Amino acid sequence: MAKSHENVKALGWAARDTSGVLSPFNFSKRLTGEKDVQFKVSYCGICHADLHQLKNEWSNSIYPMVPGHEVVGVVTEIGSKVEKFKIGDKVGAGCLVGSCQKCEDCDNDLKNYFPDQILTYNDVYSDGTTTYGGYSDIMVTDEHYVVHWPENLPMEAAPLLCAGITTYSPLKYVGLDKPGMHIGVVALAFGTKVTVISTSLSKKDKAIEHLGANSFLVSCDPVQMQAATGSLDGIIDTVSAIHPLLPLINLLKTHGKLVMLGAPEKPLELPVFPLLLGRKLVVGSQIGGIKETQEMVYFTAKHNITPGAEVVPMDYVNTALERLLKSDVKYRFVLDIDNTLNKS
């Protein structure tokens with residue numbers, strides 16, 4: 001189908017100020033360009049980053065803001081030069097919708113590290129318009145930043161497009177995807193042994209019975225932590241709050257790797273001496289490139305991996321965000337856009 005002749009009318013929920021409270025918002029998407037894919041949004045995950053952006057906690061918020069960068073839907077229109085997608089395809093869009101596609105990072109599928117990347121929401125597109133995310137009924141995105149969504153993967157698994165790739169990418173990069181390794185959290189499909197590390201004993205049953213972890217470690221129990229010293233090949237640290245790193249570093253074997261995925265508002269204290277003694281590494285990582293994201297989606301479909309999610313209607317979004325702030329969710333909220341947005 002050729003592109004439309006007028007701007008695409010869209011409906012979403014937007015925040016107008018730092019209160020972060022969302023309400024219905026009518027806006028327009030750009031014309032479907034020759035390399036664009038337009039798709040009807042079915043589901044959109046609620047990411048913890050949405051909270052930070054909605055309340056301007058990172059001091060870069062643009063209002064009105066339509067959040068959402070874990071977006072899955074069905075293609076309704078394609079541009080004349082689109083090669084990879086057709087109308088009716090199930091697709092996903094994650095955190096990025098633009099980059100230069102010319103630099104070394106872009107050439108190496110590291111667009112997520114390109115300094116002037118264009119984010120799916122709360123950013124300015126190359127034509128000067130504000131980017132609006134997946135808390136809406138329509139997305140228009142360059143096909144280069146869209147991934148195929150397998151038929152056997154539930155569309156409610158939308159959080160894979162941020163939370164999933166954010167974990168998958170560093171596991172692959174730092175070599176924690178080898179069978180027999182012992183690491184912290186979410187890597188069972190690689191054949192690794194997994195220990196969940198938490199401050200709360202109440203999460204033990206869910207971690208072992210529902211997430212398939214091999215063991216559970218209470219980080220505030222000095223006896224347990226001492227017994228586990230030097231036992232892990234790697235740790236995936238997703239905590240966004242201020243927390244001590246020394247207890248985690250002590251859990252690592254020689255050459256162990258601590259991978260930081262959370263983004264605390266203030267700098268963390270990094271003890272260097274224990275790193276020197278064991279040639280241990282502390283590594284940061286964020287999301288992944290588009291090629292790697294597609295690889296991750298196919299991987300999760302093949303191994304039947306889906307995130308634990310609580311699917312909620314669009315008009316529940318403010319309550320969901322309040323609950324997320326209190327960590328009152330097991331384990332991600334997903335908005336049912338297709339069935340509830342126009343009824344909210």
# chains A, B, ... in the order shown; residues from 1 in each chain; ligands from 1
$ select_by_dssp --residues "segment 152-297 of chain A" --states "strand (DSSP E)" --output "ChimeraX atom specification"
/A:182-184,193-198,215-218,232-237,252-260,281-284
$ residues_around --residues "Cys162 of chain A" --least-positions-apart "2" --cutoff "7 Å" --atoms "only C-alpha atoms" --output "list in words"
Glu70, Gly94, Cys95, Pro159, Leu160, Gly164, Ile165, Thr166 and Ile287 of chain A
$ write_last_selection --atoms "all heavy atoms" --output "CSV table (one decimal), in the first residue's frame"
chain,number,residue,atom,x,y,z
A,70,GLU,N,8.3,-0.6,24.5
A,70,GLU,CA,8.2,-2.0,24.4
A,70,GLU,C,6.9,-2.3,23.6
A,70,GLU,O,5.9,-2.6,24.2
A,70,GLU,CB,8.2,-2.7,25.8
A,70,GLU,CG,9.4,-2.3,26.6
A,70,GLU,CD,9.3,-2.8,28.0
A,70,GLU,OE1,8.2,-3.1,28.5
A,70,GLU,OE2,10.4,-2.9,28.7
A,94,GLY,N,11.4,-1.3,19.7
A,94,GLY,CA,11.9,-1.1,21.1
A,94,GLY,C,12.3,0.3,21.3
A,94,GLY,O,11.5,1.3,21.0
A,95,CYS,N,13.5,0.6,21.9
A,95,CYS,CA,13.8,1.9,22.4
A,95,CYS,C,14.3,2.9,21.4
A,95,CYS,O,14.3,4.1,21.7
A,95,CYS,CB,14.9,1.7,23.5
A,95,CYS,SG,14.5,0.7,24.9
A,159,PRO,N,7.6,-6.7,26.9
A,159,PRO,CA,8.8,-6.3,27.6
A,159,PRO,C,10.1,-6.8,27.2
A,159,PRO,O,11.2,-6.3,27.5
A,159,PRO,CB,8.5,-6.7,29.0
A,159,PRO,CG,7.0,-6.7,29.1
A,159,PRO,CD,6.5,-7.2,27.8
A,160,LEU,N,10.1,-7.9,26.3
A,160,LEU,CA,11.3,-8.4,25.8
A,160,LEU,C,12.1,-7.3,25.0
A,160,LEU,O,13.3,-7.4,24.9
A,160,LEU,CB,11.0,-9.6,24.9
A,160,LEU,CG,10.6,-10.9,25.5
A,160,LEU,CD1,10.1,-11.9,24.5
A,160,LEU,CD2,11.7,-11.5,26.4
A,164,GLY,N,14.1,-7.5,28.0
A,164,GLY,CA,14.7,-8.8,27.5
A,164,GLY,C,16.0,-8.5,26.8
A,164,GLY,O,17.0,-9.2,27.2
A,165,ILE,N,16.1,-7.6,25.9
A,165,ILE,CA,17.4,-7.3,25.2
A,165,ILE,C,18.4,-6.7,26.2
A,165,ILE,O,19.6,-6.9,26.0
A,165,ILE,CB,17.1,-6.4,24.0
A,165,ILE,CG1,18.4,-6.3,23.2
A,165,ILE,CG2,16.6,-5.1,24.4
A,165,ILE,CD1,19.0,-7.6,22.7
A,166,THR,N,18.0,-6.0,27.2
A,166,THR,CA,18.9,-5.4,28.1
A,166,THR,C,19.6,-6.5,28.9
A,166,THR,O,20.8,-6.3,29.3
A,166,THR,CB,18.1,-4.4,29.1
A,166,THR,OG1,17.6,-3.4,28.3
A,166,THR,CG2,19.1,-3.9,30.1
A,287,ILE,N,20.4,-1.8,26.6
A,287,ILE,CA,19.6,-2.5,25.5
A,287,ILE,C,20.5,-3.2,24.5
A,287,ILE,O,21.5,-3.9,24.9
A,287,ILE,CB,18.7,-1.5,24.7
A,287,ILE,CG1,19.4,-0.2,24.2
A,287,ILE,CG2,17.6,-1.1,25.7
A,287,ILE,CD1,18.5,0.6,23.3
$ closest_residue --among "A:Pro307, A:Gly284, A:Gly33, A:Gly234" --to "Ser169 of chain A" --atoms "only C-alpha atoms"
A:Gly284
$ closest_residue --among "A:Asn152, A:Thr120, A:Ser198, A:Ser215" --to "Thr238 of chain A" --atoms "only C-alpha atoms"
A:Ser198
$ closest_atom_pairs --of "segment 147-171 of chain A" --to "segment 41-50 of chain A" --cutoff "7 Å" --atoms "only C-alpha atoms" --output "JSON lines"
{"residue": "A:Met155", "atom": "CA", "partner": "A:Tyr43", "partner_atom": "CA", "distance": 6.6}
{"residue": "A:Glu156", "atom": "CA", "partner": "A:Tyr43", "partner_atom": "CA", "distance": 6.0}
{"residue": "A:Ala158", "atom": "CA", "partner": "A:Gly45", "partner_atom": "CA", "distance": 5.6}
{"residue": "A:Pro159", "atom": "CA", "partner": "A:Gly45", "partner_atom": "CA", "distance": 5.1}
$ closest_residue --among "A:Tyr132, A:Tyr63, A:Phe39, A:Tyr113" --to "Phe27 of chain A" --atoms "only C-alpha atoms"
A:Tyr132
$ closest_residue --among "A:Gly230, A:Pro170, A:Gly134, A:Pro247" --to "Gly289 of chain A" --atoms "only C-alpha atoms"
A:Pro170
$ atom_distance --atom1 "atom CA of Gly256 of chain A" --atom2 "atom CA of Gly278 of chain A"
7.8 Å
$ atom_distance --atom1 "atom CA of Leu261 of chain A" --atom2 "atom CA of Val297 of chain A"
19.3 Å
